[in-house]
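K.L.:
File model.cif follows (mmCIF, C-alpha atoms):
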```cif
data_coords
loop_
_atom_site.label_atom_id
_atom_site.label_comp_id
_atom_site.auth_asym_id
_atom_site.auth_seq_id
_atom_site.Cartn_x
_atom_site.Cartn_y
_atom_site.Cartn_z
CA MET W 24 0.00 0.00 0.00
CA LEU W 25 1.32 3.41 -0.95
CA HIS W 26 1.74 6.13 1.64
CA PHE W 27 0.01 9.39 0.70
CA THR W 28 3.39 11.05 0.11
CA ASP W 29 4.18 8.48 -2.59
CA TYR W 30 1.49 9.59 -5.06
CA ASP W 31 -0.03 12.79 -6.46
CA THR W 32 -3.59 13.75 -5.58
CA ARG W 33 -5.92 16.15 -7.36
CA LEU W 34 -8.95 17.43 -5.47
CA ALA W 35 -11.69 18.68 -7.77
CA ALA W 36 -15.23 19.88 -7.16
CA TYR W 37 -18.23 19.90 -9.49
CA ALA W 38 -21.90 20.85 -9.67
CA ALA W 39 -24.81 18.71 -10.81
CA ILE W 40 -27.34 21.16 -12.25
CA VAL W 41 -30.56 19.75 -13.68
CA ASP W 42 -33.45 21.94 -14.80
CA ASP W 43 -37.21 21.33 -14.68
CA ASN W 44 -37.11 19.86 -18.21
CA ASP W 45 -34.76 17.03 -17.16
CA ARG W 46 -31.79 18.68 -18.86
CA ILE W 47 -28.31 18.66 -17.36
CA LEU W 48 -25.77 21.45 -17.70
CA LEU W 49 -22.42 20.28 -19.09
CA SER W 50 -19.13 22.01 -19.92
CA TYR W 51 -17.01 21.22 -22.96
CA TRP W 52 -13.49 20.45 -21.80
CA ASN W 53 -11.05 21.10 -24.64
CA GLY W 54 -8.54 18.44 -23.56
CA GLU W 55 -5.82 21.08 -23.15
CA GLY W 56 -3.93 19.61 -26.13
CA ARG W 57 -3.14 16.40 -24.24
CA PHE W 58 -6.44 14.54 -24.04
CA THR W 59 -9.56 13.93 -26.12
CA PRO W 60 -11.95 16.89 -25.81
CA SER W 61 -15.24 15.88 -24.20
CA TRP W 62 -18.28 17.03 -22.27
CA THR W 63 -17.97 17.00 -18.51
CA MET W 64 -19.56 18.37 -15.37
CA PRO W 65 -19.04 22.06 -14.63
CA GLY W 66 -16.27 22.31 -12.08
CA GLY W 67 -12.61 21.63 -11.67
CA GLY W 68 -9.58 21.79 -9.46
CA VAL W 69 -9.78 23.18 -5.95
CA GLU W 70 -7.09 25.80 -5.40
CA PHE W 71 -4.78 25.44 -2.38
CA ASP W 72 -6.36 28.30 -0.41
CA GLU W 73 -9.96 27.49 -1.41
CA ASP W 74 -12.67 25.38 0.19
CA ILE W 75 -14.82 23.02 -1.86
CA PRO W 76 -18.02 25.11 -1.92
CA SER W 77 -16.09 28.21 -3.05
CA ALA W 78 -14.33 26.20 -5.75
CA ILE W 79 -17.63 24.91 -7.14
CA VAL W 80 -19.18 28.39 -7.24
CA ARG W 81 -16.07 29.84 -8.93
CA GLU W 82 -15.66 27.02 -11.45
CA VAL W 83 -19.35 26.95 -12.43
CA TYR W 84 -19.30 30.69 -13.05
CA GLU W 85 -16.09 30.51 -15.11
CA GLU W 86 -17.31 27.60 -17.22
CA THR W 87 -21.01 28.38 -17.61
CA GLY W 88 -21.62 32.06 -16.79
CA PHE W 89 -24.09 31.10 -14.04
CA ALA W 90 -24.04 31.99 -10.36
CA VAL W 91 -25.12 29.01 -8.28
CA GLU W 92 -26.22 28.09 -4.79
CA LEU W 93 -25.05 24.70 -3.58
CA GLY W 94 -27.37 22.01 -2.36
CA GLU W 95 -26.62 18.69 -0.76
CA LEU W 96 -23.58 16.58 -1.47
CA LEU W 97 -24.39 14.18 -4.31
CA LEU W 98 -21.24 12.03 -4.31
CA VAL W 99 -17.53 11.72 -3.80
CA ASP W 100 -15.84 9.75 -6.56
CA THR W 101 -12.25 8.53 -6.57
CA TRP W 102 -10.19 7.02 -9.35
CA PHE W 103 -6.59 5.96 -9.64
CA ARG W 104 -3.93 5.74 -12.31
CA GLU W 105 -0.74 3.75 -11.78
CA GLU W 106 1.34 6.40 -13.52
CA GLY W 107 0.26 10.01 -13.80
CA GLU W 108 1.73 12.81 -15.87
CA ARG W 109 4.64 13.24 -13.45
CA GLY W 110 5.60 9.56 -13.53
CA ARG W 111 4.08 8.95 -10.08
CA PRO W 112 0.87 7.15 -9.16
CA PHE W 113 -2.12 9.50 -9.36
CA LYS W 114 -5.35 9.70 -7.36
CA ALA W 115 -8.27 11.95 -8.31
CA VAL W 116 -10.88 12.83 -5.69
CA ARG W 117 -13.98 14.45 -7.18
CA VAL W 118 -16.67 16.00 -4.98
CA VAL W 119 -20.05 16.71 -6.60
CA HIS W 120 -22.83 18.81 -5.08
CA HIS W 121 -26.34 19.48 -6.31
CA ALA W 122 -26.58 23.14 -7.32
CA ARG W 123 -29.25 25.61 -8.35
CA ILE W 124 -28.79 28.59 -10.67
CA THR W 125 -29.36 31.94 -8.96
CA GLY W 126 -28.22 34.35 -11.68
CA GLY W 127 -26.05 34.97 -14.70
CA SER W 128 -26.48 33.84 -18.25
CA LEU W 129 -25.18 30.88 -20.25
CA GLY W 130 -21.73 31.52 -21.65
CA THR W 131 -18.19 30.59 -20.70
CA VAL W 132 -16.36 33.53 -19.12
CA GLU W 133 -13.05 31.69 -18.69
CA GLU W 134 -10.30 33.07 -20.92
CA GLY W 135 -7.51 30.81 -22.10
CA GLY W 136 -8.73 27.99 -19.91
CA SER W 137 -9.78 24.40 -20.43
CA THR W 138 -13.49 25.05 -21.11
CA ASP W 139 -14.70 26.14 -24.54
CA GLU W 140 -18.47 26.22 -23.96
CA ALA W 141 -21.36 25.10 -21.79
CA ARG W 142 -24.67 23.70 -22.93
CA TRP W 143 -27.86 22.11 -21.64
CA PHE W 144 -28.58 18.53 -22.77
CA PRO W 145 -31.61 16.32 -22.18
CA ILE W 146 -30.33 13.64 -19.83
CA ALA W 147 -31.68 11.01 -22.23
CA ASP W 148 -29.33 12.33 -24.97
CA VAL W 149 -26.12 12.35 -22.92
CA ALA W 150 -25.26 8.73 -23.77
CA GLY W 151 -24.63 9.84 -27.37
CA LEU W 152 -22.05 12.48 -26.43
CA GLU W 153 -18.27 12.22 -26.21
CA ARG W 154 -18.10 12.63 -22.43
CA THR W 155 -15.95 12.00 -19.40
CA ALA W 156 -16.70 9.06 -17.12
CA LEU W 157 -17.66 11.56 -14.42
CA VAL W 158 -20.80 12.48 -16.36
CA ASP W 159 -22.00 8.85 -16.23
CA VAL W 160 -21.15 8.61 -12.53
CA VAL W 161 -23.16 11.77 -11.79
CA ILE W 162 -26.19 10.75 -13.87
CA ALA W 163 -26.23 7.33 -12.19
CA ALA W 164 -26.06 9.01 -8.77
CA LEU W 165 -28.91 11.35 -9.73
CA ARG W 166 -30.94 8.22 -10.53
CA GLY W 167 -29.94 6.62 -7.24
CA GLY W 168 -27.28 4.17 -8.43
CA ARG W 169 -23.86 3.63 -9.97
CA PRO W 170 -23.04 3.56 -13.71
CA ASP W 171 -23.12 0.24 -15.57
#
```
Before anything else, please render the file you have as structure tokens.

P.N.:
Amino acid sequence: MLHFTDYDTRLAAYAAIVDDNDRILLSYWNGEGRFTPSWTMPGGGVEFDEDIPSAIVREVYEETGFAVELGELLLVDTWFREEGERGRPFKAVRVVHHARITGGSLGTVEEGGSTDEARWFPIADVAGLERTALVDVVIAALRGGRPD
């Protein structure tokens, strides 16, 4: 078993935002030139001096243009990679809260970042999108289960 000093960890925080028409708000992650671009949940890395709720509010605004109010914790998801980008084992911890839009308008305000756009999708149509695994984990959790 690895000691926590023997691997890199990334803490990230996301929002699950579903409207009254059973549509989910997703962000288009551009892959940053290293990975396949895909749709994902609005959110991202938690800065060193930032708490999780503040990170979610900041990230959602940057990626979608919306101000949000957080609801209950939906899930905490963890995944591992034997070798990360720095040649060390890598652990990702992703915290997802329900959130509700309180203001703003749809449109990415991030400049030069990893998000190119945000869009609403009927949840039933998400399976046909190029998407991150996190999207499936979140939709399964919204339905009360785990992804297939």

K.L.:
Pull the neighbourhood of (1.6, 10.2, -8.4) for me: all residues within 10 Å in file coordinates, counting all atoms listed in the file, as a ChimeraX atom specification.

P.N.:
/W:27-33,103-114

K.L.:
Determine, counting only C-alpha atoms, which protein, DNA and RNA residues have an atom within 12 Å of an atom of Glu134 in chain W; residues of the same chain fewer than 5 positions away are not included. Present the result as a PyMOL selection string.

P.N.:
chain W and resi 85-86+139-140

K.L.:
Contacts of range 153-159 of chain W at 12 Å or less, counting all atoms listed in the file, minus same-chain residues fewer than 3 places along, as a ChimeraX atom specification?

P.N.:
/W:35-40,47-54,58-67,98-102,115-119,144,146-150,162-166,168-171

K.L.:
I need the residues from that last selection saved to file as a CSV table (one decimal), in the coordinates of the input (with C-alpha atoms), if you can.

P.N.:
```
chain,number,residue,atom,x,y,z
W,35,ALA,CA,-11.7,18.7,-7.8
W,36,ALA,CA,-15.2,19.9,-7.2
W,37,TYR,CA,-18.2,19.9,-9.5
W,38,ALA,CA,-21.9,20.8,-9.7
W,39,ALA,CA,-24.8,18.7,-10.8
W,40,ILE,CA,-27.3,21.2,-12.2
W,47,ILE,CA,-28.3,18.7,-17.4
W,48,LEU,CA,-25.8,21.4,-17.7
W,49,LEU,CA,-22.4,20.3,-19.1
W,50,SER,CA,-19.1,22.0,-19.9
W,51,TYR,CA,-17.0,21.2,-23.0
W,52,TRP,CA,-13.5,20.4,-21.8
W,53,ASN,CA,-11.0,21.1,-24.6
W,54,GLY,CA,-8.5,18.4,-23.6
W,58,PHE,CA,-6.4,14.5,-24.0
W,59,THR,CA,-9.6,13.9,-26.1
W,60,PRO,CA,-12.0,16.9,-25.8
W,61,SER,CA,-15.2,15.9,-24.2
W,62,TRP,CA,-18.3,17.0,-22.3
W,63,THR,CA,-18.0,17.0,-18.5
W,64,MET,CA,-19.6,18.4,-15.4
W,65,PRO,CA,-19.0,22.1,-14.6
W,66,GLY,CA,-16.3,22.3,-12.1
W,67,GLY,CA,-12.6,21.6,-11.7
W,98,LEU,CA,-21.2,12.0,-4.3
W,99,VAL,CA,-17.5,11.7,-3.8
W,100,ASP,CA,-15.8,9.8,-6.6
W,101,THR,CA,-12.2,8.5,-6.6
W,102,TRP,CA,-10.2,7.0,-9.4
W,115,ALA,CA,-8.3,12.0,-8.3
W,116,VAL,CA,-10.9,12.8,-5.7
W,117,ARG,CA,-14.0,14.4,-7.2
W,118,VAL,CA,-16.7,16.0,-5.0
W,119,VAL,CA,-20.0,16.7,-6.6
W,144,PHE,CA,-28.6,18.5,-22.8
W,146,ILE,CA,-30.3,13.6,-19.8
W,147,ALA,CA,-31.7,11.0,-22.2
W,148,ASP,CA,-29.3,12.3,-25.0
W,149,VAL,CA,-26.1,12.4,-22.9
W,150,ALA,CA,-25.3,8.7,-23.8
W,162,ILE,CA,-26.2,10.8,-13.9
W,163,ALA,CA,-26.2,7.3,-12.2
W,164,ALA,CA,-26.1,9.0,-8.8
W,165,LEU,CA,-28.9,11.4,-9.7
W,166,ARG,CA,-30.9,8.2,-10.5
W,168,GLY,CA,-27.3,4.2,-8.4
W,169,ARG,CA,-23.9,3.6,-10.0
W,170,PRO,CA,-23.0,3.6,-13.7
W,171,ASP,CA,-23.1,0.2,-15.6
```

K.L.:
Selection in question (the file shown): the PyMOL selection byres ((chain W and resi 122) around 10). Which residues does it include, as JSON, numbers by chain?

P.N.:
{"W": [37, 38, 39, 40, 41, 79, 80, 83, 90, 91, 92, 93, 94, 95, 96, 97, 119, 120, 121, 123, 124, 125]}

K.L.:
Which residues, written as a ChimeraX atom specification, have at least one atom at most 9 Å from Ser128 in chain W, with only C-alpha atoms counted and residues fewer than 5 positions away on the same chain left out?

P.N.:
/W:87-90

K.L.:
Just write the chosen residues, C-alpha atoms, as an mmCIF file, keeping the file's coordinate frame.

P.N.:
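The resulting selection13.cif:
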```
data_model
loop_
_atom_site.group_PDB
_atom_site.id
_atom_site.type_symbol
_atom_site.label_atom_id
_atom_site.label_comp_id
_atom_site.auth_asym_id
_atom_site.auth_seq_id
_atom_site.Cartn_x
_atom_site.Cartn_y
_atom_site.Cartn_z
ATOM 1 C CA THR W 87 -21.010 28.380 -17.610
ATOM 2 C CA GLY W 88 -21.620 32.060 -16.790
ATOM 3 C CA PHE W 89 -24.090 31.100 -14.040
ATOM 4 C CA ALA W 90 -24.040 31.990 -10.360
#
```

K.L.:
Which one is closest to Ser137 in chain W: W:Gly68, W:Asp42, W:Ser77, W:Val161? Count all atoms listed in the file.

P.N.:
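For Ser137 in chain W, the nearest of the given residues is W:Gly68.
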
K.L.:
Go ahead and compute the interatomic distance for CA of Glu82 in chain W and CA of Arg142 in chain W, in Å to one decimal.

P.N.:
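A separation of 15.0 Å between them.
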
K.L.:
In Å, with one decimal, what is the gap from CA of Ala78 in chain W to CA of Gly151 in chain W?

P.N.:
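Spanning CA of Ala78 in chain W to CA of Gly151 in chain W is a straight-line distance of 29.0 Å.
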
K.L.:
Saving range 85-96 of chain W with all heavy atoms, as a JSON list (two decimals), in the first residue's frame, what would that file be?

P.N.:
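The file below, out30.json, is the result:
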```json
[["chain", "number", "residue", "atom", "x", "y", "z"],
["W", 85, "GLU", "N", -17.08, 30.42, -14.04],
["W", 85, "GLU", "CA", -16.09, 30.51, -15.11],
["W", 85, "GLU", "C", -16.51, 29.70, -16.33],
["W", 85, "GLU", "O", -16.35, 30.16, -17.47],
["W", 85, "GLU", "CB", -14.73, 30.01, -14.63],
["W", 85, "GLU", "CG", -14.04, 30.92, -13.64],
["W", 85, "GLU", "CD", -12.76, 30.33, -13.07],
["W", 85, "GLU", "OE1", -12.38, 29.18, -13.42],
["W", 85, "GLU", "OE2", -12.12, 31.02, -12.27],
["W", 86, "GLU", "N", -17.02, 28.51, -16.11],
["W", 86, "GLU", "CA", -17.31, 27.60, -17.22],
["W", 86, "GLU", "C", -18.68, 27.78, -17.84],
["W", 86, "GLU", "O", -18.88, 27.39, -19.00],
["W", 86, "GLU", "CB", -17.14, 26.16, -16.75],
["W", 86, "GLU", "CG", -15.70, 25.85, -16.38],
["W", 86, "GLU", "CD", -15.48, 24.42, -15.94],
["W", 86, "GLU", "OE1", -16.45, 23.62, -15.96],
["W", 86, "GLU", "OE2", -14.33, 24.09, -15.60],
["W", 87, "THR", "N", -19.64, 28.31, -17.09],
["W", 87, "THR", "CA", -21.01, 28.38, -17.61],
["W", 87, "THR", "C", -21.61, 29.78, -17.64],
["W", 87, "THR", "O", -22.63, 29.99, -18.30],
["W", 87, "THR", "CB", -21.96, 27.49, -16.78],
["W", 87, "THR", "OG1", -22.18, 28.09, -15.50],
["W", 87, "THR", "CG2", -21.42, 26.08, -16.64],
["W", 88, "GLY", "N", -21.05, 30.72, -16.89],
["W", 88, "GLY", "CA", -21.62, 32.06, -16.79],
["W", 88, "GLY", "C", -22.70, 32.17, -15.73],
["W", 88, "GLY", "O", -23.24, 33.26, -15.51],
["W", 89, "PHE", "N", -23.02, 31.09, -15.04],
["W", 89, "PHE", "CA", -24.09, 31.10, -14.04],
["W", 89, "PHE", "C", -23.55, 31.21, -12.62],
["W", 89, "PHE", "O", -22.55, 30.58, -12.27],
["W", 89, "PHE", "CB", -24.92, 29.82, -14.12],
["W", 89, "PHE", "CG", -25.79, 29.72, -15.33],
["W", 89, "PHE", "CD1", -25.67, 28.63, -16.18],
["W", 89, "PHE", "CD2", -26.74, 30.69, -15.63],
["W", 89, "PHE", "CE1", -26.48, 28.51, -17.31],
["W", 89, "PHE", "CE2", -27.55, 30.58, -16.75],
["W", 89, "PHE", "CZ", -27.42, 29.49, -17.60],
["W", 90, "ALA", "N", -24.26, 31.99, -11.80],
["W", 90, "ALA", "CA", -24.04, 31.99, -10.36],
["W", 90, "ALA", "C", -24.90, 30.85, -9.81],
["W", 90, "ALA", "O", -26.02, 30.61, -10.29],
["W", 90, "ALA", "CB", -24.47, 33.32, -9.75],
["W", 91, "VAL", "N", -24.37, 30.13, -8.83],
["W", 91, "VAL", "CA", -25.12, 29.01, -8.28],
["W", 91, "VAL", "C", -25.13, 29.04, -6.75],
["W", 91, "VAL", "O", -24.26, 29.63, -6.12],
["W", 91, "VAL", "CB", -24.56, 27.64, -8.74],
["W", 91, "VAL", "CG1", -24.73, 27.46, -10.23],
["W", 91, "VAL", "CG2", -23.11, 27.46, -8.32],
["W", 92, "GLU", "N", -26.12, 28.36, -6.22],
["W", 92, "GLU", "CA", -26.22, 28.09, -4.79],
["W", 92, "GLU", "C", -26.11, 26.57, -4.64],
["W", 92, "GLU", "O", -26.80, 25.83, -5.35],
["W", 92, "GLU", "CB", -27.57, 28.58, -4.28],
["W", 92, "GLU", "CG", -27.84, 28.27, -2.84],
["W", 92, "GLU", "CD", -29.18, 28.82, -2.42],
["W", 92, "GLU", "OE1", -29.24, 29.99, -2.00],
["W", 92, "GLU", "OE2", -30.18, 28.08, -2.55],
["W", 93, "LEU", "N", -25.25, 26.14, -3.74],
["W", 93, "LEU", "CA", -25.05, 24.70, -3.58],
["W", 93, "LEU", "C", -26.14, 24.07, -2.74],
["W", 93, "LEU", "O", -26.63, 24.66, -1.78],
["W", 93, "LEU", "CB", -23.69, 24.42, -2.93],
["W", 93, "LEU", "CG", -22.47, 24.89, -3.70],
["W", 93, "LEU", "CD1", -21.22, 24.35, -3.04],
["W", 93, "LEU", "CD2", -22.53, 24.47, -5.15],
["W", 94, "GLY", "N", -26.46, 22.84, -3.13],
["W", 94, "GLY", "CA", -27.37, 22.01, -2.36],
["W", 94, "GLY", "C", -26.58, 20.92, -1.67],
["W", 94, "GLY", "O", -25.39, 21.06, -1.40],
["W", 95, "GLU", "N", -27.23, 19.81, -1.47],
["W", 95, "GLU", "CA", -26.62, 18.69, -0.76],
["W", 95, "GLU", "C", -25.49, 18.05, -1.57],
["W", 95, "GLU", "O", -25.47, 18.11, -2.79],
["W", 95, "GLU", "CB", -27.68, 17.63, -0.47],
["W", 95, "GLU", "CG", -28.71, 18.06, 0.53],
["W", 95, "GLU", "CD", -29.68, 16.93, 0.87],
["W", 95, "GLU", "OE1", -29.43, 15.77, 0.51],
["W", 95, "GLU", "OE2", -30.71, 17.24, 1.48],
["W", 96, "LEU", "N", -24.62, 17.39, -0.85],
["W", 96, "LEU", "CA", -23.58, 16.58, -1.47],
["W", 96, "LEU", "C", -24.25, 15.46, -2.25],
["W", 96, "LEU", "O", -25.12, 14.76, -1.72],
["W", 96, "LEU", "CB", -22.66, 16.01, -0.39],
["W", 96, "LEU", "CG", -21.59, 15.04, -0.86],
["W", 96, "LEU", "CD1", -20.54, 15.77, -1.69],
["W", 96, "LEU", "CD2", -20.95, 14.35, 0.33]]
```
